[in-house]
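For reference, upload.cif is printed below; it contains mmCIF, C-alpha atoms.
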```
data_query
loop_
_atom_site.label_atom_id
_atom_site.label_comp_id
_atom_site.auth_asym_id
_atom_site.auth_seq_id
_atom_site.Cartn_x
_atom_site.Cartn_y
_atom_site.Cartn_z
CA MET Z 1 -71.17 -76.46 -68.60
CA ALA Z 2 -73.25 -75.39 -71.55
CA PRO Z 3 -71.99 -76.77 -74.87
CA PRO Z 4 -70.19 -74.26 -77.05
CA VAL Z 5 -72.40 -72.38 -79.48
CA ALA Z 6 -71.92 -72.83 -83.22
CA VAL Z 7 -71.21 -69.28 -84.35
CA SER Z 8 -72.61 -68.28 -87.74
CA PRO Z 9 -69.96 -67.95 -90.47
CA LEU Z 10 -71.09 -64.39 -91.22
CA ILE Z 11 -70.24 -63.30 -87.69
CA LYS Z 12 -66.91 -65.12 -87.76
CA THR Z 13 -65.85 -63.55 -91.06
CA ALA Z 14 -67.05 -60.15 -89.89
CA ARG Z 15 -65.07 -60.39 -86.64
CA TYR Z 16 -61.79 -61.40 -88.21
CA SER Z 17 -62.08 -58.99 -91.12
CA ALA Z 18 -62.81 -56.22 -88.61
CA LEU Z 19 -59.69 -57.26 -86.67
CA ILE Z 20 -57.47 -57.21 -89.76
CA ALA Z 21 -59.01 -53.94 -90.94
CA GLY Z 22 -58.31 -52.45 -87.52
CA ILE Z 23 -54.68 -53.56 -87.57
CA ILE Z 24 -54.17 -52.05 -91.02
CA TYR Z 25 -55.94 -48.83 -90.01
CA GLY Z 26 -53.89 -48.51 -86.82
CA LYS Z 27 -50.62 -49.05 -88.66
CA LYS Z 28 -51.53 -46.57 -91.42
CA ARG Z 29 -52.64 -43.90 -88.98
CA TYR Z 30 -49.50 -44.35 -86.88
CA ASP Z 31 -47.29 -43.99 -89.95
CA HIS Z 32 -49.25 -40.88 -90.90
CA LEU Z 33 -49.02 -39.24 -87.48
CA LYS Z 34 -45.36 -40.00 -86.74
CA PRO Z 35 -43.70 -37.47 -89.10
CA ILE Z 36 -46.23 -34.81 -88.11
CA ALA Z 37 -45.33 -35.24 -84.45
CA ALA Z 38 -41.59 -35.17 -85.25
CA GLU Z 39 -42.10 -31.93 -87.19
CA GLU Z 40 -44.03 -30.37 -84.32
CA ARG Z 41 -41.31 -31.36 -81.87
CA ARG Z 42 -38.66 -29.81 -84.09
CA ILE Z 43 -40.59 -26.55 -84.39
CA GLU Z 44 -41.10 -26.47 -80.64
CA GLU Z 45 -37.38 -27.00 -80.04
CA GLU Z 46 -36.50 -24.11 -82.34
CA GLU Z 47 -39.00 -21.78 -80.77
CA LYS Z 48 -37.77 -22.73 -77.33
CA LYS Z 49 -34.22 -21.87 -78.33
CA ILE Z 50 -35.26 -18.51 -79.70
CA LYS Z 51 -37.27 -17.75 -76.59
CA GLU Z 52 -34.37 -18.78 -74.37
CA GLU Z 53 -32.09 -16.46 -76.31
CA GLN Z 54 -34.50 -13.58 -75.87
CA ASP Z 55 -34.88 -14.30 -72.18
CA ARG Z 56 -31.12 -14.27 -71.80
CA ILE Z 57 -30.85 -10.93 -73.53
CA ALA Z 58 -33.70 -9.51 -71.44
CA LYS Z 59 -32.05 -10.72 -68.25
CA GLN Z 60 -28.76 -9.16 -69.19
CA LEU Z 61 -30.47 -5.88 -69.95
CA ALA Z 62 -32.35 -5.99 -66.66
CA GLU Z 63 -29.13 -6.67 -64.75
CA ALA Z 64 -27.36 -3.88 -66.56
CA ASN Z 65 -30.16 -1.46 -65.84
CA GLU Z 66 -30.35 -2.08 -62.13
CA ASP Z 67 -26.64 -1.57 -61.69
CA THR Z 68 -26.67 1.78 -59.96
CA ILE Z 69 -24.46 3.29 -57.34
CA LEU Z 70 -27.47 4.09 -55.20
CA LYS Z 71 -27.64 0.45 -53.94
CA MET K 1 -33.97 -54.68 -47.64
CA ALA K 2 -31.73 -57.40 -49.05
CA GLN K 3 -33.32 -59.93 -46.73
CA ALA K 4 -36.82 -58.97 -47.91
CA VAL K 5 -35.74 -59.39 -51.53
CA GLN K 6 -34.20 -62.78 -50.73
CA LYS K 7 -37.38 -63.95 -49.05
CA LEU K 8 -39.43 -62.80 -52.02
CA VAL K 9 -37.14 -64.56 -54.50
CA ALA K 10 -37.40 -67.76 -52.43
CA LYS K 11 -41.19 -67.55 -52.58
CA VAL K 12 -41.38 -67.06 -56.36
CA PRO K 13 -41.45 -70.79 -57.34
CA SER K 14 -44.35 -71.47 -54.97
CA LEU K 15 -46.16 -68.36 -56.26
CA ILE K 16 -45.75 -69.53 -59.82
CA GLY K 17 -46.99 -72.99 -58.83
CA ALA K 18 -50.06 -71.46 -57.17
CA ALA K 19 -50.75 -69.30 -60.23
CA VAL K 20 -50.53 -72.32 -62.54
CA THR K 21 -52.83 -74.38 -60.30
CA TYR K 22 -55.32 -71.53 -60.24
CA SER K 23 -55.32 -70.81 -63.94
CA LYS K 24 -55.24 -74.37 -65.34
CA PRO K 25 -58.97 -75.19 -65.00
CA ARG K 26 -59.96 -71.71 -66.12
CA LEU K 27 -57.67 -71.94 -69.15
CA ALA K 28 -59.20 -75.35 -69.88
CA THR K 29 -62.73 -73.87 -69.84
CA PHE K 30 -61.63 -70.97 -72.00
CA TRP K 31 -59.97 -73.30 -74.48
CA TYR K 32 -63.01 -75.56 -74.50
CA TYR K 33 -65.21 -72.72 -75.68
CA ALA K 34 -62.66 -70.84 -77.76
CA ARG K 35 -61.79 -73.87 -79.86
CA VAL K 36 -65.34 -73.83 -81.26
CA GLU K 37 -66.47 -70.25 -80.98
CA LEU K 38 -63.42 -68.07 -81.58
CA VAL K 39 -61.70 -69.87 -84.46
CA PRO K 40 -61.26 -67.90 -87.66
CA PRO K 41 -63.59 -68.94 -90.50
CA SER K 42 -62.26 -71.77 -92.67
CA PRO K 43 -62.18 -71.08 -96.42
CA ALA K 44 -65.27 -73.27 -96.85
CA GLU K 45 -67.27 -70.98 -94.61
CA ILE K 46 -66.60 -67.77 -96.48
CA PRO K 47 -69.20 -68.42 -99.24
CA LYS K 48 -71.72 -69.10 -96.50
CA ALA K 49 -70.82 -65.79 -94.93
CA ILE K 50 -71.34 -63.98 -98.21
CA GLU K 51 -74.68 -65.77 -98.57
CA GLY K 52 -75.63 -64.68 -95.07
CA ALA K 53 -74.74 -61.09 -95.87
CA SER K 54 -76.82 -61.13 -99.06
CA ASN K 55 -79.72 -62.66 -97.09
CA LEU K 56 -79.46 -59.76 -94.72
CA ILE K 57 -79.55 -57.24 -97.55
CA LYS K 58 -82.51 -59.00 -99.18
CA GLY K 59 -84.34 -59.04 -95.88
CA PHE K 60 -83.76 -55.32 -95.59
CA GLN K 61 -85.06 -54.72 -99.11
CA THR K 62 -88.24 -56.76 -98.65
CA GLY K 63 -88.95 -55.04 -95.37
CA ARG K 64 -88.78 -58.33 -93.49
CA LEU K 65 -86.34 -56.75 -91.09
CA GLY K 66 -89.10 -54.49 -89.82
CA GLN K 67 -90.71 -57.55 -88.26
CA THR K 68 -87.89 -58.52 -85.94
CA THR K 69 -88.89 -58.48 -82.31
CA VAL K 70 -87.29 -55.97 -79.97
CA LYS K 71 -85.55 -58.82 -78.16
CA ASP K 72 -84.02 -60.06 -81.40
CA ALA K 73 -83.08 -56.54 -82.41
CA LEU K 74 -81.32 -55.93 -79.09
CA ARG K 75 -79.46 -59.21 -79.41
CA ASN K 76 -78.36 -58.42 -82.95
CA GLY K 77 -77.30 -54.96 -81.80
CA LEU K 78 -75.10 -56.47 -79.12
CA VAL K 79 -73.50 -58.86 -81.61
CA ALA K 80 -72.87 -55.97 -84.02
CA THR K 81 -71.28 -53.95 -81.22
CA GLU K 82 -69.01 -56.86 -80.40
CA VAL K 83 -67.89 -57.11 -84.03
CA LEU K 84 -67.17 -53.37 -84.02
CA MET K 85 -65.04 -53.73 -80.89
CA TRP K 86 -62.80 -56.22 -82.68
CA PHE K 87 -61.95 -53.37 -85.05
CA TYR K 88 -60.76 -51.23 -82.15
CA ILE K 89 -58.73 -54.11 -80.75
CA GLY K 90 -57.10 -54.45 -84.18
CA GLU K 91 -56.36 -50.72 -84.14
CA CYS K 92 -54.68 -51.07 -80.73
CA ILE K 93 -52.52 -53.88 -82.12
CA GLY K 94 -51.66 -51.86 -85.23
CA LYS K 95 -50.67 -48.71 -83.39
CA GLY K 96 -48.64 -50.59 -80.78
CA GLY K 97 -50.30 -49.38 -77.60
CA ILE K 98 -53.58 -49.28 -75.74
CA ILE K 99 -54.11 -45.59 -75.13
CA GLY K 100 -53.15 -43.17 -77.85
CA TYR K 101 -50.53 -43.22 -80.54
CA ASP K 102 -46.93 -43.33 -79.38
CA VAL K 103 -45.55 -40.63 -81.69
#
```
Go through the file and emit its structure as structure tokens.
Amino acid sequence: MAPPVAVSPLIKTARYSALIAGIIYGKKRYDHLKPIAAEERRIEEEEKKIKEEQDRIAKQLAEANEDTILK
Amino acid sequence: MAQAVQKLVAKVPSLIGAAVTYSKPRLATFWYYARVELVPPSPAEIPKAIEGASNLIKGFQTGRLGQTTVKDALRNGLVATEVLMWFYIGECIGKGGIIGYDV
């Protein structure tokens, strides 16, 4: 087996600082995106309810309209 | 169905034993290299790292970097890419998932 290579300190510091910077960036971005996604979900829920209500009304109208004695 | 599950559960200790026997030498090799190559820098090495970085900047200013061979440049590019990838691994750890943010 080849002996392990002595890695230069610059590369070692760069690697681990990149790792820590990545962890911090990931955490910050996650905390930033979470409320935005919750807000979007809430808006979608509301719009779905409104649309459901309208569909219900439209269905009732359609049923009422096709209620003829000619059937 | 129950019999198949029983047979599987009876085989688990031998499977674990086989996995351990398989992975022990490979773990040993990994540890042998990682103990030297993957350790974080000790506090004594940080000034050397800063010195290395300033050497790099000085080399760039004097134009010495224009004389690196293509082979050296490719090698340095690969090392730089590896350092960049550690950033993305850190981001995966920070966001708690591999693909995408779990919002």
Counting only C-alpha atoms, give me one row per residue of chain K with an atom at most 9 Å from an atom of chain Z, showing the shortest contact pair and its distance in Å to one decimal, sorted by chain then residue number, as a Markdown table.
```
| residue | atom | partner | partner_atom | distance |
| --- | --- | --- | --- | --- |
| K:Thr29 | CA | Z:Met1 | CA | 8.9 |
| K:Tyr32 | CA | Z:Pro4 | CA | 7.7 |
| K:Tyr33 | CA | Z:Pro4 | CA | 5.4 |
| K:Ala34 | CA | Z:Pro4 | CA | 8.3 |
| K:Arg35 | CA | Z:Pro4 | CA | 8.9 |
| K:Val36 | CA | Z:Pro4 | CA | 6.4 |
| K:Glu37 | CA | Z:Val7 | CA | 5.9 |
| K:Leu38 | CA | Z:Lys12 | CA | 7.7 |
| K:Val39 | CA | Z:Lys12 | CA | 7.8 |
| K:Pro40 | CA | Z:Lys12 | CA | 6.3 |
| K:Pro41 | CA | Z:Lys12 | CA | 5.8 |
| K:Ser42 | CA | Z:Pro9 | CA | 8.9 |
| K:Glu45 | CA | Z:Pro9 | CA | 5.8 |
| K:Ile46 | CA | Z:Pro9 | CA | 6.9 |
| K:Pro47 | CA | Z:Pro9 | CA | 8.8 |
| K:Lys48 | CA | Z:Pro9 | CA | 6.4 |
| K:Ala49 | CA | Z:Leu10 | CA | 4.0 |
| K:Ile50 | CA | Z:Leu10 | CA | 7.0 |
| K:Glu51 | CA | Z:Leu10 | CA | 8.3 |
| K:Gly52 | CA | Z:Leu10 | CA | 6.0 |
| K:Ala53 | CA | Z:Leu10 | CA | 6.8 |
| K:Val79 | CA | Z:Ile11 | CA | 8.2 |
| K:Ala80 | CA | Z:Ile11 | CA | 8.6 |
| K:Glu82 | CA | Z:Arg15 | CA | 8.2 |
| K:Val83 | CA | Z:Arg15 | CA | 5.1 |
| K:Leu84 | CA | Z:Ala18 | CA | 6.9 |
| K:Met85 | CA | Z:Ala18 | CA | 8.4 |
| K:Trp86 | CA | Z:Leu19 | CA | 5.2 |
| K:Phe87 | CA | Z:Gly22 | CA | 4.5 |
| K:Tyr88 | CA | Z:Gly22 | CA | 6.0 |
| K:Ile89 | CA | Z:Leu19 | CA | 6.8 |
| K:Gly90 | CA | Z:Gly22 | CA | 4.1 |
| K:Glu91 | CA | Z:Gly26 | CA | 4.3 |
| K:Cys92 | CA | Z:Gly26 | CA | 6.7 |
| K:Ile93 | CA | Z:Ile23 | CA | 5.9 |
| K:Gly94 | CA | Z:Ile23 | CA | 4.2 |
| K:Lys95 | CA | Z:Gly26 | CA | 4.7 |
| K:Gly96 | CA | Z:Gly26 | CA | 8.3 |
| K:Tyr101 | CA | Z:Tyr30 | CA | 6.5 |
| K:Asp102 | CA | Z:Tyr30 | CA | 8.0 |
| K:Val103 | CA | Z:Lys34 | CA | 5.1 |
```
For range 4-15 of chain K, what centre and edge lengths in Å (one decimal) does the axis-aligned box get once 6 Å is added on each side of all its listed atoms, as JSON?
```
{"center_x": -40.2, "center_y": -65.2, "center_z": -52.6, "size_x": 24.0, "size_y": 24.5, "size_z": 21.4}
```
Quick one, how far is CA of Asn76 in chain K from CA of Ser54 in chain K? 16.4 Å
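CA of Leu56 in chain K sits 15.3 Å away from CA of Arg75 in chain K.
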CA of Gln61 in chain K to CA of Ala44 in chain K: how many Å, to one decimal? 27.2 Å
